[in-house]
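These notes concern the structure reproduced below.
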Amino acid sequence: MLQIRRDLVDEMVAHARRDHPDEACGVIAGPEGTDRPERFVPMTNAARSPTFYEFDSGEHFRLWREMDRNDEVPAVIYHSHTATEAYPSRTDINLASEPEAHYVLVSTRHPEQYELRSFRIVDGQVTEEPVEVVESYLFSHTGADDVPDS
Ligand SMILES: [Zn+2]
């Protein structure tokens, strides 16, 4: 499951709308070991294409180095589809190289509403996962152990 703050969802959707009809892409970094997306980093789609995205190689390199220094991981890797559903294309699957990441797709094919879905992509296998949008991570429990017994 992907648990994600509403403001980060809004940022992804706004980025996708801004770059429409080209695909938008980016990363939400999170502290290592938490699986919690926190730091929104919009990236440049070097392909500037309505059907394909590719991180700008310089930005990609710098961001991964920066995350390494900050003990962060790419918790979410997102991109938009501008004319099709929010489901990974064959190319997306072939290029997915982060088995720990949540691959989030936003579709902007409808001007008034968006679709947002999340997937794990491991060894070419796509698994959709539920998305829980929360106002804050502060009050969300990680498990039943957080709840007092009485
Ligand atoms: Zn795609």
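A note on labels: chains of the structure tokens are A, B, ... as shown, every chain counts residues from 1, and ligands are counted from 1 in their shown order.
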Practice item. Counting only C-alpha atoms and all ligand atoms, name the residues that have an atom within 8 Å of an atom of ligand 1; the answer should be given as an NGL selection string. Key: :A and (23 or 51-53 or 79-81 or 86-89 or 91-92 or 105)
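Residues within 8 Å of A:Ala24, counting only C-alpha atoms and excluding same-chain residues fewer than 2 positions away, are His15, Ala16, Asp19, His20, Asp22, Gly26, Met43, Thr44, Asn45, Tyr53, His79 and Ser80 of chain A.
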Review point. Near stretch 111-116 of chain A, counting only C-alpha atoms, which residues have an atom at most 9 Å away, once you skip same-chain residues fewer than 6 positions from it, shown as a count of residues only?
Key: 8
Review point. Which polymer residues have any atom within 7 Å of an atom of stretch 59-71 of chain A, counting only C-alpha atoms, with same-chain residues fewer than 2 positions away left out, as a list in words?
Key: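 Skipping anything fewer than 2 positions along the chain leaves Pro31, Glu32, Phe55, Asp56, Ser57 and Val73 of chain A.
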Practice item. Would you list the contacts of A:Arg6 as a count of residues only, taking every protein, DNA or RNA residue within 7 Å and counting only C-alpha atoms, but skipping same-chain residues closer than 3 positions in sequence? Key: 5
Exercise for review: Enumerate the residues of stretch 49-144 of chain A with a DSSP assignment of alpha helix (DSSP H), computed from the backbone, and present them as a ChimeraX atom specification.
Suggested key: /A:57-69,90-95
Since we have the selection now, will you write its residues out, keeping N, CA, C and O atoms, as a CSV table (one decimal), in the first residue's frame?
```csv
chain,number,residue,atom,x,y,z
A,57,SER,N,19.3,13.4,-17.6
A,57,SER,CA,20.3,12.6,-17.0
A,57,SER,C,21.2,13.3,-16.0
A,57,SER,O,21.5,12.7,-15.0
A,58,GLY,N,21.4,14.6,-16.2
A,58,GLY,CA,22.1,15.4,-15.2
A,58,GLY,C,21.3,15.5,-13.9
A,58,GLY,O,21.9,15.3,-12.8
A,59,GLU,N,20.1,15.8,-14.0
A,59,GLU,CA,19.2,16.0,-12.8
A,59,GLU,C,19.1,14.6,-12.1
A,59,GLU,O,19.1,14.5,-10.9
A,60,HIS,N,19.0,13.6,-12.9
A,60,HIS,CA,18.9,12.2,-12.4
A,60,HIS,C,20.1,11.9,-11.5
A,60,HIS,O,20.0,11.5,-10.3
A,61,PHE,N,21.2,12.1,-12.1
A,61,PHE,CA,22.5,11.8,-11.4
A,61,PHE,C,22.6,12.7,-10.1
A,61,PHE,O,22.9,12.1,-9.0
A,62,ARG,N,22.3,14.0,-10.2
A,62,ARG,CA,22.5,14.8,-9.0
A,62,ARG,C,21.5,14.4,-7.9
A,62,ARG,O,21.8,14.4,-6.7
A,63,LEU,N,20.2,14.1,-8.3
A,63,LEU,CA,19.2,13.8,-7.3
A,63,LEU,C,19.6,12.5,-6.6
A,63,LEU,O,19.5,12.4,-5.3
A,64,TRP,N,20.0,11.5,-7.3
A,64,TRP,CA,20.4,10.2,-6.7
A,64,TRP,C,21.6,10.4,-5.8
A,64,TRP,O,21.6,9.8,-4.7
A,65,ARG,N,22.5,11.3,-6.1
A,65,ARG,CA,23.7,11.5,-5.3
A,65,ARG,C,23.3,12.2,-4.0
A,65,ARG,O,23.7,11.9,-2.9
A,66,GLU,N,22.4,13.2,-4.2
A,66,GLU,CA,21.8,14.0,-3.1
A,66,GLU,C,21.1,13.1,-2.1
A,66,GLU,O,21.2,13.2,-0.9
A,67,MET,N,20.2,12.2,-2.6
A,67,MET,CA,19.5,11.3,-1.8
A,67,MET,C,20.4,10.4,-1.0
A,67,MET,O,20.2,10.1,0.2
A,68,ASP,N,21.5,10.0,-1.6
A,68,ASP,CA,22.5,9.1,-1.0
A,68,ASP,C,23.1,9.8,0.2
A,68,ASP,O,23.2,9.3,1.3
A,69,ARG,N,23.4,11.1,0.0
A,69,ARG,CA,24.0,11.9,1.1
A,69,ARG,C,23.0,12.1,2.2
A,69,ARG,O,23.4,12.2,3.4
A,90,ARG,N,4.4,-0.7,-21.6
A,90,ARG,CA,5.5,-1.7,-21.8
A,90,ARG,C,6.8,-1.1,-21.6
A,90,ARG,O,7.7,-1.6,-20.9
A,91,THR,N,7.0,0.1,-22.1
A,91,THR,CA,8.3,0.9,-21.9
A,91,THR,C,8.5,1.2,-20.5
A,91,THR,O,9.6,1.0,-19.9
A,92,ASP,N,7.5,1.7,-19.8
A,92,ASP,CA,7.6,2.0,-18.4
A,92,ASP,C,8.1,0.8,-17.6
A,92,ASP,O,8.9,0.9,-16.7
A,93,ILE,N,7.5,-0.4,-17.9
A,93,ILE,CA,7.9,-1.6,-17.2
A,93,ILE,C,9.3,-2.0,-17.5
A,93,ILE,O,10.1,-2.3,-16.6
A,94,ASN,N,9.7,-1.9,-18.7
A,94,ASN,CA,11.1,-2.3,-19.1
A,94,ASN,C,12.1,-1.3,-18.4
A,94,ASN,O,13.2,-1.8,-18.1
A,95,LEU,N,11.7,-0.1,-18.2
A,95,LEU,CA,12.7,0.9,-17.7
A,95,LEU,C,12.7,1.0,-16.2
A,95,LEU,O,13.5,1.6,-15.6
```
